[in-house]
Structures are given as structure tokens and as C-alpha cells.
$ cat start02.txt   # compact mmCIF, C-alpha atoms
# COMPACT_ATOMS: atom_id res chain seq x y z
CA MET E 756 119.79 23.83 150.83
CA LYS E 757 118.92 20.71 152.86
CA ASN E 758 118.33 22.82 155.98
CA ILE E 759 115.92 25.04 154.02
CA GLU E 760 114.03 22.02 152.70
CA ILE E 761 113.78 20.41 156.16
CA GLU E 762 112.71 23.75 157.62
CA THR E 763 109.97 24.11 154.99
CA ILE E 764 108.70 20.57 155.61
CA ILE E 765 108.56 21.14 159.38
CA LEU E 766 106.66 24.43 158.94
CA LEU E 767 104.26 22.76 156.49
CA VAL E 768 103.59 19.83 158.84
CA LEU E 769 102.95 22.22 161.75
CA SER E 770 100.63 24.28 159.56
CA LEU E 771 98.64 21.25 158.42
CA PHE E 772 98.30 20.01 162.01
CA ALA E 773 97.00 23.45 163.04
CA ILE E 774 94.47 23.42 160.18
CA LEU E 775 93.38 19.86 161.07
CA PHE E 776 92.94 20.90 164.70
CA ILE E 777 90.62 23.76 163.71
CA ASN E 778 88.76 21.43 161.35
CA GLN E 779 88.33 18.80 164.06
CA PHE E 780 86.67 21.31 166.39
CA ARG E 781 85.12 23.55 163.72
CA ILE E 782 81.54 23.14 164.95
CA LYS E 783 82.38 24.00 168.54
CA ILE E 784 84.64 26.92 167.58
CA SER E 785 82.18 28.40 165.08
CA SER E 786 79.27 28.07 167.52
CA THR E 787 81.23 29.65 170.37
CA PHE E 788 82.23 32.70 168.33
CA ASN E 789 79.12 32.84 166.12
CA LEU E 790 81.25 32.30 163.01
CA ILE E 791 78.51 30.55 161.06
CA ASP E 792 77.10 31.18 157.60
CA SER E 793 73.44 30.14 157.56
CA PRO E 794 71.44 29.63 154.32
CA ASP E 795 68.80 32.25 153.50
CA ASN E 796 67.55 30.94 150.11
CA ILE E 797 68.13 34.41 148.64
CA ARG E 798 71.88 34.51 148.03
CA LYS E 799 72.99 31.60 150.18
CA PHE E 800 71.69 28.30 148.90
CA HIS E 801 73.80 25.81 150.88
CA LEU E 802 71.69 23.25 152.70
CA LYS E 803 72.96 23.71 156.26
CA PRO E 804 74.97 26.22 158.35
CA VAL E 805 78.70 26.19 157.53
CA PRO E 806 81.52 27.42 159.82
CA LEU E 807 83.26 30.61 158.63
CA LEU E 808 86.71 29.41 159.66
CA GLY E 809 88.61 29.56 156.36
CA GLY E 810 90.26 32.85 157.28
CA ILE E 811 91.55 31.47 160.57
CA MET E 812 92.81 28.31 158.85
CA ILE E 813 94.75 30.38 156.31
CA PHE E 814 96.08 32.67 159.01
CA LEU E 815 97.56 29.84 161.10
CA PRO E 816 100.34 28.87 158.59
CA PHE E 817 101.04 32.59 158.16
CA LEU E 818 101.32 32.98 161.95
CA ILE E 819 103.54 29.91 162.33
CA ILE E 820 105.95 31.15 159.64
CA ASN E 821 106.18 34.61 161.20
CA LEU E 822 106.72 33.18 164.69
CA HIS E 823 109.49 31.01 163.27
CA SER E 824 111.12 34.09 161.74
CA PHE E 825 110.77 36.01 165.00
CA PHE E 826 112.35 33.34 167.22
CA PHE E 827 114.85 31.66 164.90
CA GLN E 828 115.70 34.31 162.31
CA GLN E 829 115.93 38.07 162.11
CA ILE E 830 112.46 39.30 161.15
CA GLU E 831 112.68 42.15 158.65
CA ASN E 832 110.75 45.41 158.83
CA THR E 833 108.88 44.58 155.61
CA GLN E 834 107.81 41.18 156.94
CA LEU E 835 106.59 42.80 160.16
CA ILE E 836 104.50 45.34 158.25
CA ILE E 837 102.93 42.60 156.12
CA PHE E 838 102.16 40.61 159.28
CA ILE E 839 100.52 43.53 161.12
CA CYS E 840 98.55 44.66 158.05
CA CYS E 841 97.26 41.20 157.12
CA THR E 842 96.43 40.38 160.75
CA SER E 843 94.49 43.66 161.06
CA CYS E 844 92.53 42.82 157.89
CA LEU E 845 91.82 39.33 159.23
CA ILE E 846 90.47 40.76 162.52
CA LEU E 847 88.30 43.25 160.62
CA GLY E 848 86.96 40.39 158.51
CA LEU E 849 86.24 38.26 161.58
CA ILE E 850 84.26 41.10 163.16
CA ASP E 851 82.35 41.47 159.88
CA ASP E 852 81.66 37.69 159.80
CA ILE E 853 80.37 37.74 163.39
CA LYS E 854 78.46 41.00 163.23
CA THR E 855 78.02 42.52 159.78
CA ILE E 856 79.80 45.86 159.39
CA SER E 857 78.47 48.52 157.04
CA TYR E 858 80.53 48.68 153.84
CA LYS E 859 81.21 52.37 154.59
CA TYR E 860 82.86 51.60 157.93
CA LYS E 861 84.63 48.56 156.52
CA PHE E 862 86.24 50.65 153.78
CA LEU E 863 87.10 53.37 156.30
CA TYR E 864 88.85 50.84 158.56
CA LEU E 865 90.72 49.35 155.59
CA ILE E 866 91.86 52.80 154.48
CA ILE E 867 93.17 53.54 157.98
CA ILE E 868 94.96 50.18 158.19
CA PHE E 869 96.57 50.56 154.76
CA TYR E 870 97.48 54.22 155.27
CA VAL E 871 99.15 53.75 158.65
CA LEU E 872 101.20 50.71 157.63
CA ILE E 873 102.31 51.60 154.08
CA SER E 874 103.35 55.04 155.38
CA LEU E 875 105.99 53.28 157.46
CA ASP E 876 107.89 51.82 154.51
CA LYS E 877 108.31 53.18 150.97
CA ASN E 878 108.75 49.62 149.70
CA PHE E 879 104.96 49.31 149.96
CA GLN E 880 104.19 52.58 148.15
CA ILE E 881 103.61 52.59 144.39
CA ASN E 882 105.63 55.55 143.21
CA LYS E 883 107.07 54.42 139.89
CA ILE E 884 105.08 52.64 137.14
CA TYR E 885 106.57 51.46 133.86
CA PHE E 886 104.22 51.15 130.85
CA SER E 887 105.88 48.95 128.23
CA THR E 888 103.17 49.85 125.70
CA ILE E 889 104.37 53.46 125.49
CA GLU E 890 107.84 52.74 126.91
CA ARG E 891 107.42 55.37 129.55
CA VAL E 892 107.91 55.57 133.30
CA VAL E 893 105.30 57.48 135.31
CA TYR E 894 106.18 58.87 138.74
CA LEU E 895 103.26 59.34 141.13
CA ASP E 896 105.13 61.45 143.71
CA HIS E 897 102.56 62.90 146.19
CA LEU E 898 99.85 60.63 144.73
CA SER E 899 101.84 57.53 145.63
CA ILE E 900 100.12 56.70 148.94
CA PRO E 901 96.52 57.47 147.79
CA PHE E 902 97.07 55.38 144.62
CA THR E 903 98.55 52.51 146.65
CA ILE E 904 95.60 52.52 149.07
CA LEU E 905 93.14 52.57 146.15
CA SER E 906 94.94 49.64 144.51
CA LEU E 907 94.82 47.59 147.72
CA LEU E 908 91.13 48.42 148.24
CA LEU E 909 90.26 47.36 144.69
CA LEU E 910 92.15 44.08 144.97
CA THR E 911 90.72 43.11 148.37
CA ASN E 912 87.21 44.00 147.17
CA ALA E 913 87.63 42.07 143.90
CA LEU E 914 88.69 38.93 145.78
CA ASN E 915 85.87 39.40 148.26
CA LEU E 916 83.33 39.58 145.42
CA ILE E 917 84.42 36.32 143.77
CA ASP E 918 84.02 34.47 147.07
CA GLY E 919 80.53 33.37 146.07
CA LEU E 920 81.39 29.86 144.94
CA ASP E 921 83.10 27.14 146.96
CA GLY E 922 86.83 27.13 146.29
CA LEU E 923 86.89 30.06 143.85
CA CYS E 924 88.61 32.72 145.96
CA ILE E 925 91.12 30.19 147.31
CA THR E 926 91.91 28.88 143.82
CA VAL E 927 92.38 32.37 142.35
CA SER E 928 94.47 33.49 145.35
CA SER E 929 96.69 30.40 145.04
CA ILE E 930 97.34 31.22 141.37
CA PHE E 931 98.23 34.81 142.28
CA LEU E 932 100.65 33.72 145.03
CA LEU E 933 102.23 31.13 142.73
CA TRP E 934 102.63 33.78 140.01
CA ILE E 935 104.36 36.14 142.45
CA MET E 936 106.69 33.36 143.59
CA ILE E 937 107.67 32.33 140.04
CA THR E 938 107.72 35.75 138.35
CA PHE E 939 109.82 37.49 140.98
CA ASN E 940 111.84 34.38 141.89
CA ASN E 941 110.51 34.77 145.41
CA ILE E 942 110.74 31.14 146.52
CA ASN E 943 110.65 31.11 150.30
CA ASN E 944 109.08 29.27 153.22
CA MET E 945 106.12 31.61 153.44
CA ASN E 946 105.00 31.26 149.82
CA ILE E 947 105.59 27.50 149.63
CA VAL E 948 103.84 26.70 152.92
CA LEU E 949 100.95 29.11 152.26
CA ILE E 950 100.25 27.76 148.78
CA LEU E 951 100.35 24.11 149.92
CA SER E 952 98.18 24.96 152.94
CA LEU E 953 95.69 26.69 150.65
CA VAL E 954 95.43 23.50 148.57
CA PHE E 955 94.41 21.57 151.68
CA ILE E 956 91.97 24.29 152.77
CA LEU E 957 90.55 24.25 149.23
CA TYR E 958 89.61 20.59 149.75
CA LEU E 959 87.79 21.44 153.00
CA ASN E 960 86.03 24.35 151.29
CA LEU E 961 84.88 22.24 148.34
CA LYS E 962 83.51 19.67 150.81
CA LYS E 963 81.61 22.51 152.56
CA LYS E 964 83.43 21.79 155.81
CA ILE E 965 84.28 25.50 156.04
CA PHE E 966 83.65 28.77 154.19
CA LEU E 967 86.31 31.41 153.67
CA GLY E 968 84.33 34.34 155.07
CA ASP E 969 85.28 38.02 154.84
CA SER E 970 88.19 37.29 157.18
CA GLY E 971 89.72 34.98 154.58
CA SER E 972 89.12 37.16 151.53
CA LEU E 973 90.37 40.35 153.24
CA PHE E 974 93.42 38.53 154.57
CA LEU E 975 94.29 37.06 151.17
CA GLY E 976 93.61 40.34 149.37
CA SER E 977 95.94 42.31 151.62
CA LEU E 978 98.62 39.59 151.56
CA ILE E 979 98.62 39.33 147.76
CA GLY E 980 98.42 43.11 147.30
CA LEU E 981 101.33 43.89 149.62
CA ASN E 982 103.48 41.15 148.11
CA LEU E 983 102.74 42.35 144.58
CA ILE E 984 103.64 45.94 145.43
CA PHE E 985 106.79 45.00 147.36
CA ASN E 986 108.13 42.69 144.63
CA TYR E 987 107.15 45.07 141.84
CA ASN E 988 109.01 47.92 143.54
CA LEU E 989 112.12 45.77 143.88
CA ASP E 990 111.99 44.67 140.24
CA ILE E 991 111.13 48.00 138.63
CA PHE E 992 114.31 49.61 139.91
CA ILE E 993 116.34 46.83 138.33
CA ASN E 994 114.77 46.25 134.93
CA ASN E 995 111.58 48.36 134.59
CA TYR E 996 109.06 45.56 135.05
CA PRO E 997 105.96 46.28 132.89
CA VAL E 998 102.80 47.06 134.85
CA GLU E 999 100.78 45.49 132.00
CA ASN E 1000 101.91 42.05 133.21
CA ILE E 1001 100.29 42.64 136.59
CA PHE E 1002 97.16 43.99 134.92
CA ILE E 1003 96.95 40.78 132.86
CA LEU E 1004 97.28 38.72 136.06
CA LEU E 1005 94.44 40.58 137.82
CA MET E 1006 92.18 41.14 134.81
CA LEU E 1007 89.48 38.58 135.50
CA PRO E 1008 88.47 39.52 139.09
CA GLY E 1009 89.05 43.21 138.23
CA LEU E 1010 86.83 43.22 135.13
CA ASP E 1011 84.13 41.24 136.92
CA MET E 1012 84.10 43.72 139.79
CA PHE E 1013 83.82 46.77 137.53
CA ARG E 1014 81.12 45.13 135.36
CA VAL E 1015 78.99 44.22 138.37
CA PHE E 1016 79.43 47.71 139.87
CA ALA E 1017 78.40 49.26 136.53
CA ILE E 1018 75.28 47.08 136.30
CA ARG E 1019 74.23 48.03 139.82
CA MET E 1020 74.72 51.75 139.20
CA ILE E 1021 72.86 51.57 135.87
CA ASN E 1022 69.99 49.90 137.74
CA LYS E 1023 70.21 52.71 140.33
CA LYS E 1024 71.33 50.35 143.06
CA ASN E 1025 74.07 50.74 145.62
CA PRO E 1026 77.23 49.31 143.95
CA PHE E 1027 78.08 47.54 147.22
CA THR E 1028 74.77 45.68 147.53
CA SER E 1029 74.87 41.94 146.92
CA ASP E 1030 73.39 40.27 143.86
CA ARG E 1031 73.95 37.26 141.61
CA ASN E 1032 75.40 38.92 138.51
CA HIS E 1033 79.00 37.82 138.88
CA LEU E 1034 80.59 35.65 136.22
CA HIS E 1035 80.42 32.54 138.42
CA HIS E 1036 76.68 33.15 138.88
CA LEU E 1037 76.22 33.45 135.12
CA LEU E 1038 78.05 30.15 134.67
CA ILE E 1039 75.88 28.51 137.34
CA SER E 1040 72.79 29.65 135.44
CA LYS E 1041 74.22 27.92 132.35
CA ASP E 1042 74.25 24.73 134.45
CA PHE E 1043 78.01 24.45 134.82
CA ASN E 1044 78.93 22.57 137.97
CA LYS E 1045 81.38 23.71 140.64
CA VAL E 1046 84.45 21.91 139.28
CA GLN E 1047 83.78 23.07 135.71
CA ILE E 1048 83.50 26.70 136.86
CA LEU E 1049 86.78 26.44 138.77
CA ILE E 1050 88.49 25.03 135.66
CA ILE E 1051 87.03 27.83 133.51
CA PHE E 1052 88.33 30.47 135.93
CA ILE E 1053 91.76 28.83 136.07
CA LEU E 1054 91.97 28.83 132.26
CA LEU E 1055 90.69 32.43 132.00
CA ILE E 1056 93.45 33.57 134.35
CA ILE E 1057 96.33 31.37 133.17
CA LEU E 1058 95.90 31.47 129.37
CA PRO E 1059 96.52 35.23 128.90
CA ILE E 1060 99.54 34.95 131.22
CA ILE E 1061 100.97 32.11 129.11
CA ILE E 1062 100.28 33.97 125.85
CA ASN E 1063 101.90 37.10 127.24
CA PHE E 1064 104.99 35.16 128.35
CA PHE E 1065 105.58 32.82 125.42
CA ILE E 1066 104.16 34.61 122.37
CA ASN E 1067 105.65 37.78 120.97
CA ILE E 1068 102.50 39.93 121.16
CA LYS E 1069 102.28 43.36 122.74
CA SER E 1070 100.62 43.20 126.14
CA ILE E 1071 98.10 45.90 125.20
CA TYR E 1072 96.70 43.70 122.42
CA ILE E 1073 96.23 40.81 124.85
CA ILE E 1074 94.44 43.15 127.26
CA ILE E 1075 92.14 44.59 124.56
CA PHE E 1076 91.28 41.13 123.17
CA TYR E 1077 90.64 39.79 126.68
CA ILE E 1078 88.28 42.64 127.55
CA LEU E 1079 86.34 42.02 124.31
CA PHE E 1080 86.25 38.26 124.94
CA TYR E 1081 85.10 38.73 128.54
CA SER E 1082 82.37 41.18 127.45
CA ILE E 1083 81.05 38.82 124.77
CA LEU E 1084 81.17 35.85 127.15
CA CYS E 1085 79.14 37.69 129.80
CA PHE E 1086 76.67 38.93 127.17
CA LYS E 1087 76.08 35.40 125.88
CA LEU E 1088 75.77 33.91 129.37
CA LYS E 1089 73.32 36.62 130.42
CA LYS E 1090 70.68 34.99 128.21
CA PHE E 1091 70.65 31.99 130.55
CA HIS E 1092 70.73 34.03 133.72
CA LYS E 1093 67.96 33.17 136.21
CA TYR E 1094 68.59 35.87 138.81
CA ASN E 1095 68.66 39.65 138.96
$ encode --input "start02.txt" --output "C-alpha cells"
Amino acid sequence: MKNIEIETIILLVLSLFAILFINQFRIKISSTFNLIDSPDNIRKFHLKPVPLLGGIMIFLPFLIINLHSFFFQQIENTQLIIFICCTSCLILGLIDDIKTISYKYKFLYLIIIFYVLISLDKNFQINKIYFSTIERVVYLDHLSIPFTILSLLLLTNALNLIDGLDGLCITVSSIFLLWIMITFNNINNMNIVLILSLVFILYLNLKKKIFLGDSGSLFLGSLIGLNLIFNYNLDIFINNYPVENIFILLMLPGLDMFRVFAIRMINKKNPFTSDRNHLHHLLISKDFNKVQILIIFILLIILPIIINFFINIKSIYIIIFYILFYSILCFKLKKFHKYN
């Protein structure tokens, strides 16, 4: 146990030093590689250009942990697949940050990445889903890979869409990783070091030292998605873990994504065009500050999880009530909305 604790501390210290190194030279690095987010007074209202280095900062602890596993432990096939997939998503995001990629090509590249890598290991394919509401197991069979790819695309896109407020995507991702670690008893070096590193990166993000960028949101989306699927597959074969619990975890970013897409399509706009109709934008229009919005999001994610865990209420009722509450909240906030 002591060796594990010392190992974790060493990996964390190395990760923080790597993050501090990038932060120290963030201006030079971002200028060299054109990883800069400049204000445009349309969607981007920050006062000065900000380096898009959050993705690289998050990737460094991930890289250090995997290198440690490669040289000092026996790296497993599942860990290797997660590493290759998340690294590929990071690179795609970096290219998009440097030179904007059309959403069509970005989705095509993501589909190829997910298809190639999840095809290598059935542990990353959603084939069996247990619905506790109807007490029934559904087998996807030949639809397993397409459904898995769709699920990963939706999650990565949902996280990408909430990355419109300093600290929001990092905060939400940290909660998701912490939930995976606690729920599936998956306490290991990777999760501990990543979560603690994210807390430090969150500080830099809130201070506008760095922005996450598409590289960060795509990396986190793929990492969380693959870990969710892998752990769910392990658990469902043991005790039929209810899929409703995962739906409750992901409800907020998922509902916000579908609502915004619906609004855009109703207004005859491309659903992938940018606007300021997300929940965090509605809260900004109501004059909530950054910290207040982060607290609201934390509560909106954590409270239904706590209710589902501690109170004897069917998950479906929590989901229905939450959807109604979210809809009413957005409707009320829309009255104060200043942007289209």
C-alpha cells in the first residue's frame, strides 16, 4: 500500500512540474504553434488572446502515467487502446485549434478513430444494456459498434459544447472521472493523478492563463467515454448495473446539447453552428458570475446522483423530474437572454 501511495505522489509531482513548465512558457509555445484563442466580440468576449494549451496540459499527466506503466509495469491491451484513442482525439483537437476543421470532417475523423480502436477489444463495445426500470437486459448484437461510436460522439460533442465558460468543462469532467472512480471502485494512479492535475489546471483556466481548446474537450470526452464503457461492461456481467445511473450522471450536458440542437434546427440553422443559447449563456444573461455558474452546474449534476443513491426512488422518476426541472429553468432564464 505504501509503495502505491509513494508511486502516486511521484507521478503527481512529475505531472504538476510538467504542467508548470508548459504554463511558464505558454506564450512562447502558443505563439510558435499558433495555439491562440483571440477575442472576436461575437462569441469570444475575453479581453486579450489566450493560449489554447489546456489539452496539452491535461495530456501530460496522462502521458506520464502511461509511460510509467510501459517501463515499470505490464501495460494492458485496454490501457493501450485508451492511450492511442485519446491521443488521436487530442491530435485532432490540436489541428482544429490551429486550423479550424469543418465539423463534417471532424466527425468523420472521430468515427474512424473510434471504429478502428473499439473494434480491437470487445471491452469497449456496448453490447449488453440493463434497464432497471423495466428489469430487462437488451442485447445490441450487430448494432453494438455503431451504438458505441454514436455514444462516444454524443459525449465528446456534449463536453465540447459546454466549454464556453472558464472552468466549466474541466469541472464537469472532474466530476465524471471522480464518479467513475468511486462507483466502480476504480481507484488507481491514473484517476487520482488526472483528477488532481485537473484541479490545478482548473485554477489556470479560471485565471485565463490557458483555455482548454478542442484538444482538451475531445481528449476528456474520449477518456471519460472509454472509461465509462469499459467499467460498465465489467460491472454489468457481475451484477447488471443499471444504465439509468449513467444517464443520470450525463443528463445535464446531454440535455443541454439536444435542446440547443433543437433550437437551431427549429430556427432553420445548422445544428453545429455556434451560438449563445447554452445553459451557461442563459445564466450569464441573468447576471450570474463565473463562480456562481460553476456552483450551479456542480449542484445540477451532483444532486440527482445523490438522490438516486441515497433515496429509495425509481431512477426513471428522477430522470423525468429532472427533464421537467431543466426545461422550466431554461424557459425562465430565456426571458433574460440577451443573445440569439
$ closest_residue --input "start02.txt" --among "E:Leu818, E:Ile1068, E:Ile765, E:Gly809" --to "Lys964 of chain E" --atoms "only C-alpha atoms"
E:Gly809
$ residues_around --input "start02.txt" --residues "segment 785-791 of chain E" --least-positions-apart "6" --cutoff "10 Å" --atoms "all atoms listed in the file" --output "VMD selection string"
chain E and resid 777 804 to 808 849 to 854 965 to 966 968
$ closest_residue --input "start02.txt" --among "E:Leu1004, E:Ser1029, E:Leu1037, E:Lys1023" --to "Ile1061 of chain E" --atoms "all atoms listed in the file"
E:Leu1004
$ residues_around --input "start02.txt" --residues "segment 1062-1064 of chain E" --least-positions-apart "5" --cutoff "8 Å" --atoms "all atoms listed in the file" --output "number ranges by chain"
E: 1000, 1069-1070, 1073
$ residues_around --input "start02.txt" --residues "segment 1008-1018 of chain E" --least-positions-apart "5" --cutoff "12 Å" --atoms "all atoms listed in the file" --output "ChimeraX atom specification"
/E:906-918,923-924,927-928,931,976,1001-1003,1023-1037,1052-1053,1055-1056,1074-1075,1077-1082,1084-1086,1095
$ write_last_selection --input "start02.txt" --atoms "C-alpha atoms" --output "PDB file, in the frame of the given file"
ATOM      1  CA  SER E 906      94.940  49.640 144.510  1.00  0.00           C
ATOM      2  CA  LEU E 907      94.820  47.590 147.720  1.00  0.00           C
ATOM      3  CA  LEU E 908      91.130  48.420 148.240  1.00  0.00           C
ATOM      4  CA  LEU E 909      90.260  47.360 144.690  1.00  0.00           C
ATOM      5  CA  LEU E 910      92.150  44.080 144.970  1.00  0.00           C
ATOM      6  CA  THR E 911      90.720  43.110 148.370  1.00  0.00           C
ATOM      7  CA  ASN E 912      87.210  44.000 147.170  1.00  0.00           C
ATOM      8  CA  ALA E 913      87.630  42.070 143.900  1.00  0.00           C
ATOM      9  CA  LEU E 914      88.690  38.930 145.780  1.00  0.00           C
ATOM     10  CA  ASN E 915      85.870  39.400 148.260  1.00  0.00           C
ATOM     11  CA  LEU E 916      83.330  39.580 145.420  1.00  0.00           C
ATOM     12  CA  ILE E 917      84.420  36.320 143.770  1.00  0.00           C
ATOM     13  CA  ASP E 918      84.020  34.470 147.070  1.00  0.00           C
ATOM     14  CA  LEU E 923      86.890  30.060 143.850  1.00  0.00           C
ATOM     15  CA  CYS E 924      88.610  32.720 145.960  1.00  0.00           C
ATOM     16  CA  VAL E 927      92.380  32.370 142.350  1.00  0.00           C
ATOM     17  CA  SER E 928      94.470  33.490 145.350  1.00  0.00           C
ATOM     18  CA  PHE E 931      98.230  34.810 142.280  1.00  0.00           C
ATOM     19  CA  GLY E 976      93.610  40.340 149.370  1.00  0.00           C
ATOM     20  CA  ILE E1001     100.290  42.640 136.590  1.00  0.00           C
ATOM     21  CA  PHE E1002      97.160  43.990 134.920  1.00  0.00           C
ATOM     22  CA  ILE E1003      96.950  40.780 132.860  1.00  0.00           C
ATOM     23  CA  LYS E1023      70.210  52.710 140.330  1.00  0.00           C
ATOM     24  CA  LYS E1024      71.330  50.350 143.060  1.00  0.00           C
ATOM     25  CA  ASN E1025      74.070  50.740 145.620  1.00  0.00           C
ATOM     26  CA  PRO E1026      77.230  49.310 143.950  1.00  0.00           C
ATOM     27  CA  PHE E1027      78.080  47.540 147.220  1.00  0.00           C
ATOM     28  CA  THR E1028      74.770  45.680 147.530  1.00  0.00           C
ATOM     29  CA  SER E1029      74.870  41.940 146.920  1.00  0.00           C
ATOM     30  CA  ASP E1030      73.390  40.270 143.860  1.00  0.00           C
ATOM     31  CA  ARG E1031      73.950  37.260 141.610  1.00  0.00           C
ATOM     32  CA  ASN E1032      75.400  38.920 138.510  1.00  0.00           C
ATOM     33  CA  HIS E1033      79.000  37.820 138.880  1.00  0.00           C
ATOM     34  CA  LEU E1034      80.590  35.650 136.220  1.00  0.00           C
ATOM     35  CA  HIS E1035      80.420  32.540 138.420  1.00  0.00           C
ATOM     36  CA  HIS E1036      76.680  33.150 138.880  1.00  0.00           C
ATOM     37  CA  LEU E1037      76.220  33.450 135.120  1.00  0.00           C
ATOM     38  CA  PHE E1052      88.330  30.470 135.930  1.00  0.00           C
ATOM     39  CA  ILE E1053      91.760  28.830 136.070  1.00  0.00           C
ATOM     40  CA  LEU E1055      90.690  32.430 132.000  1.00  0.00           C
ATOM     41  CA  ILE E1056      93.450  33.570 134.350  1.00  0.00           C
ATOM     42  CA  ILE E1074      94.440  43.150 127.260  1.00  0.00           C
ATOM     43  CA  ILE E1075      92.140  44.590 124.560  1.00  0.00           C
ATOM     44  CA  TYR E1077      90.640  39.790 126.680  1.00  0.00           C
ATOM     45  CA  ILE E1078      88.280  42.640 127.550  1.00  0.00           C
ATOM     46  CA  LEU E1079      86.340  42.020 124.310  1.00  0.00           C
ATOM     47  CA  PHE E1080      86.250  38.260 124.940  1.00  0.00           C
ATOM     48  CA  TYR E1081      85.100  38.730 128.540  1.00  0.00           C
ATOM     49  CA  SER E1082      82.370  41.180 127.450  1.00  0.00           C
ATOM     50  CA  LEU E1084      81.170  35.850 127.150  1.00  0.00           C
ATOM     51  CA  CYS E1085      79.140  37.690 129.800  1.00  0.00           C
ATOM     52  CA  PHE E1086      76.670  38.930 127.170  1.00  0.00           C
ATOM     53  CA  ASN E1095      68.660  39.650 138.960  1.00  0.00           C
TER      54      ASN E1095
END
$ closest_residue --input "start02.txt" --among "E:Ile867, E:Ile956, E:Leu933, E:Ile947" --to "Phe772 of chain E" --atoms "only C-alpha atoms"
E:Ile956
$ atom_distance --input "start02.txt" --atom1 "atom CA of Leu973 of chain E" --atom2 "atom CA of Ile837 of chain E"
13.1 Å
$ atom_distance --input "start02.txt" --atom1 "atom CA of Asn995 of chain E" --atom2 "atom CA of Leu983 of chain E"
14.6 Å
$ atom_distance --input "start02.txt" --atom1 "atom CA of Cys840 of chain E" --atom2 "atom CA of Met1006 of chain E"
24.4 Å
$ residues_around --input "start02.txt" --residues "segment 988-993 of chain E" --least-positions-apart "2" --cutoff "8 Å" --atoms "all atoms listed in the file" --output "PyMOL selection string"
chain E and resi 878-879+881+883-885+939+984-986+995-997
$ closest_residue --input "start02.txt" --among "E:Leu920, E:Val892, E:Ile900, E:Ile811" --to "Lys962 of chain E" --atoms "all atoms listed in the file"
E:Leu920
$ residues_around --input "start02.txt" --residues "Asn944 of chain E" --least-positions-apart "5" --cutoff "12 Å" --atoms "only C-alpha atoms" --output "ChimeraX atom specification"
/E:758-767,770,816-817,819-821,823-824,936,949-952
$ closest_residue --input "start02.txt" --among "E:Gln829, E:Arg891, E:Phe974, E:Asp969" --to "Ile856 of chain E" --atoms "only C-alpha atoms"
E:Asp969
$ closest_residue --input "start02.txt" --among "E:Ile836, E:Leu957, E:Leu1007, E:Leu905" --to "Ile866 of chain E" --atoms "all atoms listed in the file"
E:Leu905
$ axis_aligned_box --input "start02.txt" --around "segment 1062-1073 of chain E" --padding-each-side "6 Å" --output "JSON"
{"center_x": 100.9, "center_y": 39.4, "center_z": 124.7, "size_x": 21.4, "size_y": 25.1, "size_z": 19.4}
